[in-house]
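Listing of target_34.csv, CSV, C-alpha atoms and all ligand atoms
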chain,number,residue,atom,x,y,z
A,355,MET,CA,15.1,14.6,-10.4
A,356,VAL,CA,16.1,10.9,-11.1
A,357,SER,CA,13.6,8.7,-12.8
A,358,THR,CA,11.0,7.6,-10.3
A,359,GLU,CA,11.7,3.9,-10.7
A,360,GLU,CA,15.2,4.6,-9.3
A,361,LEU,CA,13.9,6.2,-6.1
A,362,ASP,CA,14.5,4.0,-3.1
A,363,LEU,CA,15.0,4.4,0.6
A,364,ILE,CA,18.0,6.5,1.3
A,365,PRO,CA,20.4,5.4,4.0
A,366,PRO,CA,19.6,6.3,7.6
A,367,THR,CA,22.9,8.2,7.7
A,368,ASP,CA,21.8,10.6,5.0
A,369,PRO,CA,21.7,14.1,6.6
A,370,SER,CA,18.7,15.2,4.5
A,371,LEU,CA,16.6,13.1,6.8
A,372,ASN,CA,17.2,15.8,9.5
A,373,GLN,CA,15.9,18.6,7.3
A,374,PRO,CA,12.4,19.9,6.8
A,375,ALA,CA,10.5,19.2,3.5
A,376,GLU,CA,8.7,21.7,1.3
A,377,GLU,CA,5.0,22.2,0.8
A,378,VAL,CA,3.7,20.9,-2.5
A,379,LYS,CA,2.0,23.7,-4.5
A,380,ALA,CA,-1.5,23.1,-5.7
A,381,ASP,CA,-0.6,23.3,-9.4
A,382,GLU,CA,2.3,20.9,-8.9
A,383,ILE,CA,0.1,18.0,-7.8
A,384,ALA,CA,-0.9,16.8,-11.3
A,385,SER,CA,2.7,17.1,-12.6
A,386,PRO,CA,4.5,13.9,-13.8
A,387,ASP,CA,7.1,14.5,-11.1
A,388,VAL,CA,4.7,14.5,-8.2
A,389,GLN,CA,2.4,11.8,-9.6
A,390,GLY,CA,5.5,9.6,-10.3
A,391,LEU,CA,6.8,10.2,-6.8
A,392,ILE,CA,3.5,9.2,-5.3
A,393,GLY,CA,3.3,6.0,-7.5
A,394,ARG,CA,6.8,5.1,-6.5
A,395,MET,CA,6.0,5.6,-2.8
A,396,VAL,CA,2.9,3.3,-3.1
A,397,ALA,CA,4.9,0.7,-5.0
A,398,LEU,CA,7.6,0.7,-2.3
A,399,ALA,CA,5.2,0.5,0.5
A,400,MET,CA,3.4,-2.5,-1.0
A,401,GLY,CA,6.5,-4.3,-2.1
A,402,LYS,CA,8.2,-4.1,1.3
A,403,GLY,CA,5.0,-5.1,3.0
A,404,TYR,CA,4.8,-8.4,1.1
A,405,SER,CA,8.4,-9.3,0.6
A,406,LYS,CA,9.2,-12.9,1.5
A,407,GLN,CA,12.6,-11.9,2.7
A,408,ASP,CA,11.2,-9.4,5.2
A,409,SER,CA,8.0,-9.9,7.0
A,410,ARG,CA,7.8,-6.3,8.3
A,411,GLN,CA,4.9,-4.2,6.9
A,412,MET,CA,5.5,-0.8,5.5
A,413,VAL,CA,2.6,0.9,7.2
A,414,GLY,CA,3.8,4.4,6.4
A,415,LEU,CA,6.3,6.2,4.2
A,416,ALA,CA,7.3,9.8,3.9
A,417,ALA,CA,8.8,11.3,0.7
A,418,PRO,CA,12.0,12.4,2.4
A,419,GLN,CA,12.8,8.8,3.2
A,420,ILE,CA,13.3,8.2,-0.5
A,421,GLY,CA,15.3,11.4,-1.0
A,422,CYS,CA,12.5,13.8,-2.0
A,423,ARG,CA,12.0,16.7,0.4
A,424,LYS,CA,8.3,17.2,-0.4
A,425,ARG,CA,5.5,17.2,2.1
A,426,ILE,CA,3.9,13.9,1.0
A,427,ILE,CA,3.2,10.8,3.2
A,428,ILE,CA,1.5,7.5,2.8
A,429,VAL,CA,-0.3,5.8,5.7
A,430,ASP,CA,-1.9,2.4,5.8
A,431,VAL,CA,-5.2,3.5,7.4
A,432,ALA,CA,-6.2,-0.2,8.0
A,433,ALA,CA,-3.0,-1.0,9.9
A,434,ASP,CA,-3.4,-2.6,13.3
A,435,GLY,CA,0.0,-4.0,13.8
A,436,SER,CA,-0.7,-7.4,12.2
A,437,LEU,CA,0.1,-8.5,8.6
A,438,LYS,CA,-2.9,-8.1,6.4
A,439,VAL,CA,-4.1,-6.4,3.2
A,440,GLN,CA,-3.0,-2.8,3.2
A,441,SER,CA,-5.2,0.3,2.7
A,442,LEU,CA,-2.7,2.9,1.6
A,443,ARG,CA,-3.8,6.5,1.5
A,444,VAL,CA,-1.8,9.4,0.2
A,445,PHE,CA,-1.7,12.7,2.1
A,446,ILE,CA,-0.2,15.8,0.6
A,447,ASN,CA,0.8,18.8,2.9
A,448,PRO,CA,-0.7,16.9,5.9
A,449,ARG,CA,-1.5,18.8,9.0
A,450,ILE,CA,-2.6,17.7,12.4
A,451,THR,CA,-5.5,20.1,13.3
A,452,ARG,CA,-6.5,18.4,16.6
A,453,ARG,CA,-4.7,16.1,18.9
A,454,THR,CA,-5.9,14.6,22.2
A,455,SER,CA,-3.9,15.6,25.3
A,456,LYS,CA,-4.0,12.0,26.3
A,457,THR,CA,-0.9,10.2,25.0
A,458,VAL,CA,-0.1,6.5,24.8
A,459,PRO,CA,3.1,4.6,24.7
A,460,GLY,CA,3.8,2.3,21.7
A,461,ARG,CA,6.5,0.5,19.8
A,462,GLU,CA,8.0,2.1,16.7
A,463,GLY,CA,10.6,1.2,14.1
A,464,CYS,CA,11.6,3.1,11.0
A,465,TRP,CA,13.0,2.2,7.6
A,466,SER,CA,15.2,5.3,8.1
A,467,CYS,CA,16.6,4.3,11.6
A,468,GLY,CA,18.5,1.1,10.8
A,469,ASN,CA,18.1,-1.4,13.6
A,470,ILE,CA,16.8,1.0,16.2
A,471,CYS,CA,13.3,0.6,17.6
A,472,GLY,CA,11.7,2.4,20.6
A,473,ASN,CA,8.9,3.0,22.9
A,474,VAL,CA,7.4,6.4,22.0
A,475,GLU,CA,4.6,8.5,23.5
A,476,ARG,CA,2.1,9.8,20.9
A,477,ALA,CA,-1.3,11.5,21.1
A,478,GLN,CA,-3.9,8.8,21.1
A,479,SER,CA,-6.2,10.4,18.6
A,480,ILE,CA,-5.7,13.1,15.9
A,481,THR,CA,-7.6,14.9,13.2
A,482,LEU,CA,-5.6,14.9,10.0
A,483,GLU,CA,-6.2,17.4,7.2
A,484,ALA,CA,-4.5,17.2,3.8
A,485,LEU,CA,-4.9,17.0,0.1
A,486,ASP,CA,-5.3,13.7,-1.7
A,487,HIS,CA,-3.4,12.6,-4.8
A,488,ASN,CA,-5.9,14.6,-6.9
A,489,GLY,CA,-5.5,17.7,-4.8
A,490,LYS,CA,-8.9,17.3,-3.1
A,491,PRO,CA,-9.0,18.4,0.5
A,492,ILE,CA,-9.5,15.5,3.0
A,493,LYS,CA,-10.1,15.4,6.7
A,494,LEU,CA,-10.1,12.3,8.9
A,495,GLU,CA,-10.0,11.1,12.4
A,496,LEU,CA,-7.3,8.6,13.3
A,497,THR,CA,-6.9,6.7,16.6
A,498,ASP,CA,-4.3,4.5,18.2
A,499,PHE,CA,-2.0,2.7,15.7
A,500,THR,CA,-3.0,4.7,12.6
A,501,ALA,CA,-2.8,8.0,14.6
A,502,ARG,CA,0.7,6.9,15.6
A,503,ILE,CA,1.8,6.2,12.0
A,504,ALA,CA,0.5,9.6,10.8
A,505,GLN,CA,2.3,11.4,13.6
A,506,HIS,CA,5.5,9.4,12.8
A,507,GLU,CA,5.3,10.2,9.1
A,508,ILE,CA,4.5,13.9,9.5
A,509,ASP,CA,7.5,14.1,11.8
A,510,HIS,CA,9.7,13.0,8.9
A,511,LEU,CA,8.5,16.0,7.0
A,512,ASP,CA,9.9,18.2,9.8
A,513,GLY,CA,13.3,16.3,9.9
A,514,ILE,CA,12.3,14.5,13.1
A,515,ARG,CA,12.7,10.8,13.6
A,516,PHE,CA,11.1,8.8,16.4
A,517,PRO,CA,14.2,8.5,18.6
A,518,ASP,CA,14.1,12.4,18.8
A,519,ARG,CA,10.7,12.0,20.5
A,520,ILE,CA,12.1,10.0,23.4
A,521,PRO,CA,13.0,12.5,26.1
A,522,GLU,CA,16.3,12.4,27.9
A,523,GLY,CA,16.3,10.4,31.1
A,524,HIS,CA,14.6,7.3,29.5
A,525,PRO,CA,17.5,5.0,28.4
A,526,GLU,CA,15.1,2.0,28.7
A,527,LYS,CA,13.0,3.3,25.8
A,528,LEU,CA,15.5,3.1,22.9
A,529,HIS,CA,16.5,-0.3,21.6
A,530,TRP,CA,18.7,-2.3,19.2
A,531,VAL,CA,16.6,-4.9,17.4
A,532,LYS,CA,18.1,-7.2,14.7
A,533,PRO,CA,15.8,-8.0,11.7
A,534,LYS,CA,15.4,-11.6,12.9
A,535,GLU,CA,14.2,-10.3,16.3
A,536,PHE,CA,11.3,-8.2,15.0
A,537,GLU,CA,8.7,-10.9,15.7
A,538,ALA,CA,9.9,-11.2,19.3
A,539,TYR,CA,10.1,-7.4,19.6
A,540,ARG,CA,6.3,-7.2,18.8
A,541,GLU,CA,5.7,-8.9,22.1
A,542,GLN,CA,8.6,-7.8,24.3
A,543,TRP,CA,9.1,-4.2,23.3
A,544,ARG,CA,8.2,-2.8,26.7
A,545,THR,CA,11.1,-4.6,28.4
A,546,TRP,CA,13.6,-5.1,25.6
A,547,PRO,CA,17.1,-5.6,27.1
A,548,HIS,CA,19.3,-4.4,24.2
A,549,LEU,CA,19.4,-0.6,24.8
A,550,CYS,CA,20.6,2.0,22.4
A,551,SER,CA,21.8,5.1,24.3
A,552,ARG,CA,20.6,8.6,23.3
A,553,GLN,CA,24.2,9.5,22.7
A,554,GLN,CA,24.6,6.7,20.2
A,555,TRP,CA,21.5,8.0,18.4
A,556,LEU,CA,22.8,11.6,18.4
A,557,ASP,CA,26.2,10.4,17.1
A,558,MET,CA,24.7,8.5,14.3
A,559,LYS,CA,22.4,11.4,13.3
A,560,SER,CA,25.2,14.0,13.3
A,561,ASN,CA,28.1,12.1,11.8
A,562,GLY,CA,26.8,9.1,10.0
A,563,LEU,CA,28.2,6.4,12.3
A,564,LEU,CA,25.0,4.4,12.1
A,565,ASP,CA,26.3,1.5,10.0
A,566,LYS,CA,29.4,1.2,12.2
A,567,ALA,CA,27.5,1.5,15.4
A,568,VAL,CA,25.0,-1.1,14.3
A,569,ASP,CA,27.8,-3.5,13.6
A,570,ILE,CA,29.3,-2.9,17.0
A,571,ALA,CA,26.1,-2.9,19.0
A,572,ILE,CA,24.4,-6.0,17.6
A,573,LYS,CA,27.3,-8.3,17.2
A,574,ASP,CA,26.3,-11.7,18.7
A,601,ZN,ZN,10.0,6.5,9.8
Take the structure in this file and express it as structure tokens.
Amino acid sequence: MVSTEELDLIPPTDPSLNQPAEEVKADEIASPDVQGLIGRMVALAMGKGYSKQDSRQMVGLAAPQIGCRKRIIIVDVAADGSLKVQSLRVFINPRITRRTSKTVPGREGCWSCGNICGNVERAQSITLEALDHNGKPIKLELTDFTARIAQHEIDHLDGIRFPDRIPEGHPEKLHWVKPKEFEAYREQWRTWPHLCSRQQWLDMKSNGLLDKAVDIAIKD
């Protein structure tokens, strides 16, 4: 494993993002590797959230996004979609043990999907069970935005990214959004005009055309 300070977001074209992550064994949690990984994930989530160059918050992060296929996620359990002080919690081997049948639509973006955002249906409320960074069992109820973040991050542990959750036949739900448009997208995501086709997403995922496709699709 590389030193933890070197761990950073891997490119959206990296095929390992499509693969499932491994459970963390109980006796591994206190190890320098796992504790270093957790520390690095928290540092990245905080740094991105407060960068002057990029106003987007990092409200969640999964270990596979920085190239470690371990079942560890971070969720900002205070996130409500606006910029404010974060409350980052670490969840090791997270499991959703209850989810409401009621689903709600919502906007999603991802540090591992380049300039793609979308309108994704998620369970409105879930029960999340996991181990904390000390290996202690935790269980909590999450609703609305934080439930969405947790579902999104746990999907990363199964090699699933949010565009995979948008069913066929809904071309209006997957969008190209340039970084400078993120503020506008917060308001206009339901009717965003710059559509990314499902095929474009599948092409990117399977043969690494993302950077090229982004250049083509978002040229002014
Ligand atoms: Zn993501």
Compute the set of protein, DNA and RNA residues whose minimum atom distance to ligand ZN 601 (chain A) is at most 7 Å, using only C-alpha atoms and all ligand atoms, and state it as JSON, numbers by chain.
{"A": [415, 463, 464, 465, 466, 506, 507, 510, 515]}
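We find atom CA of His529 of chain A and atom CA of Arg443 of chain A to be spaced 29.4 Å apart.
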inquiry  = Using all atoms listed in the file, can you tell me which of A:Glu376, A:Glu360, A:Glu495, A:Glu541 comes closest to Arg461 of chain A?
reply    =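 For Arg461 of chain A, the nearest of the given residues is A:Glu541.
Pairwise distance (atom CA of Leu442 of chain A, atom CA of Ala501 of chain A) equals 14.0 Å.
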One residue among A:Arg552, A:Gln505, A:Ile470, A:Ile446 is nearest to Glu377 of chain A when using only C-alpha atoms, and that residue is A:Ile446
Restricting to all atoms listed in the file, whichever of A:Asp362, A:Glu462, A:Glu475, A:Glu382 is closest to Cys422 of chain A is A:Asp362
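Comparing the minimum interatomic distances between Cys550 of chain A and each of A:Val396, A:Leu391, A:Cys467, A:Val444, counting only C-alpha atoms, we find that A:Cys467 sits nearest.
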Could you list, as a compact mmCIF listing (two decimals) with C-alpha atoms, in the coordinates of the input, every residue within 12 Å of Arg425 of chain A, counting all atoms listed in the file and ignoring same-chain residues fewer than 6 positions away?
# COMPACT_ATOMS: atom_id res chain seq x y z
CA GLN A 373 15.90 18.60 7.30
CA PRO A 374 12.40 19.90 6.80
CA ALA A 375 10.50 19.20 3.50
CA GLU A 376 8.70 21.70 1.30
CA GLU A 377 5.00 22.20 0.80
CA VAL A 378 3.70 20.90 -2.50
CA LYS A 379 2.00 23.70 -4.50
CA ILE A 383 0.10 18.00 -7.80
CA VAL A 388 4.70 14.50 -8.20
CA LEU A 391 6.80 10.20 -6.80
CA ILE A 392 3.50 9.20 -5.30
CA LEU A 415 6.30 6.20 4.20
CA ALA A 416 7.30 9.80 3.90
CA ALA A 417 8.80 11.30 0.70
CA PRO A 418 12.00 12.40 2.40
CA GLN A 419 12.80 8.80 3.20
CA VAL A 444 -1.80 9.40 0.20
CA PHE A 445 -1.70 12.70 2.10
CA ILE A 446 -0.20 15.80 0.60
CA ASN A 447 0.80 18.80 2.90
CA PRO A 448 -0.70 16.90 5.90
CA ARG A 449 -1.50 18.80 9.00
CA ALA A 484 -4.50 17.20 3.80
CA LEU A 485 -4.90 17.00 0.10
CA ASP A 486 -5.30 13.70 -1.70
CA GLU A 507 5.30 10.20 9.10
CA ILE A 508 4.50 13.90 9.50
CA ASP A 509 7.50 14.10 11.80
CA HIS A 510 9.70 13.00 8.90
CA LEU A 511 8.50 16.00 7.00
CA ASP A 512 9.90 18.20 9.80
CA GLY A 513 13.30 16.30 9.90
Between A:Arg540, A:His524, A:His548, A:Lys532, single out the one closest to Gly468 of chain A, counting only C-alpha atoms.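 Counting only C-alpha atoms, the residue closest to Gly468 of chain A is A:Lys532.
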Shortest contact to Ile492 of chain A, candidates A:Gln389, A:Thr457, A:Thr451, A:Ser479, atoms counted all atoms listed in the file, goes to A:Thr451
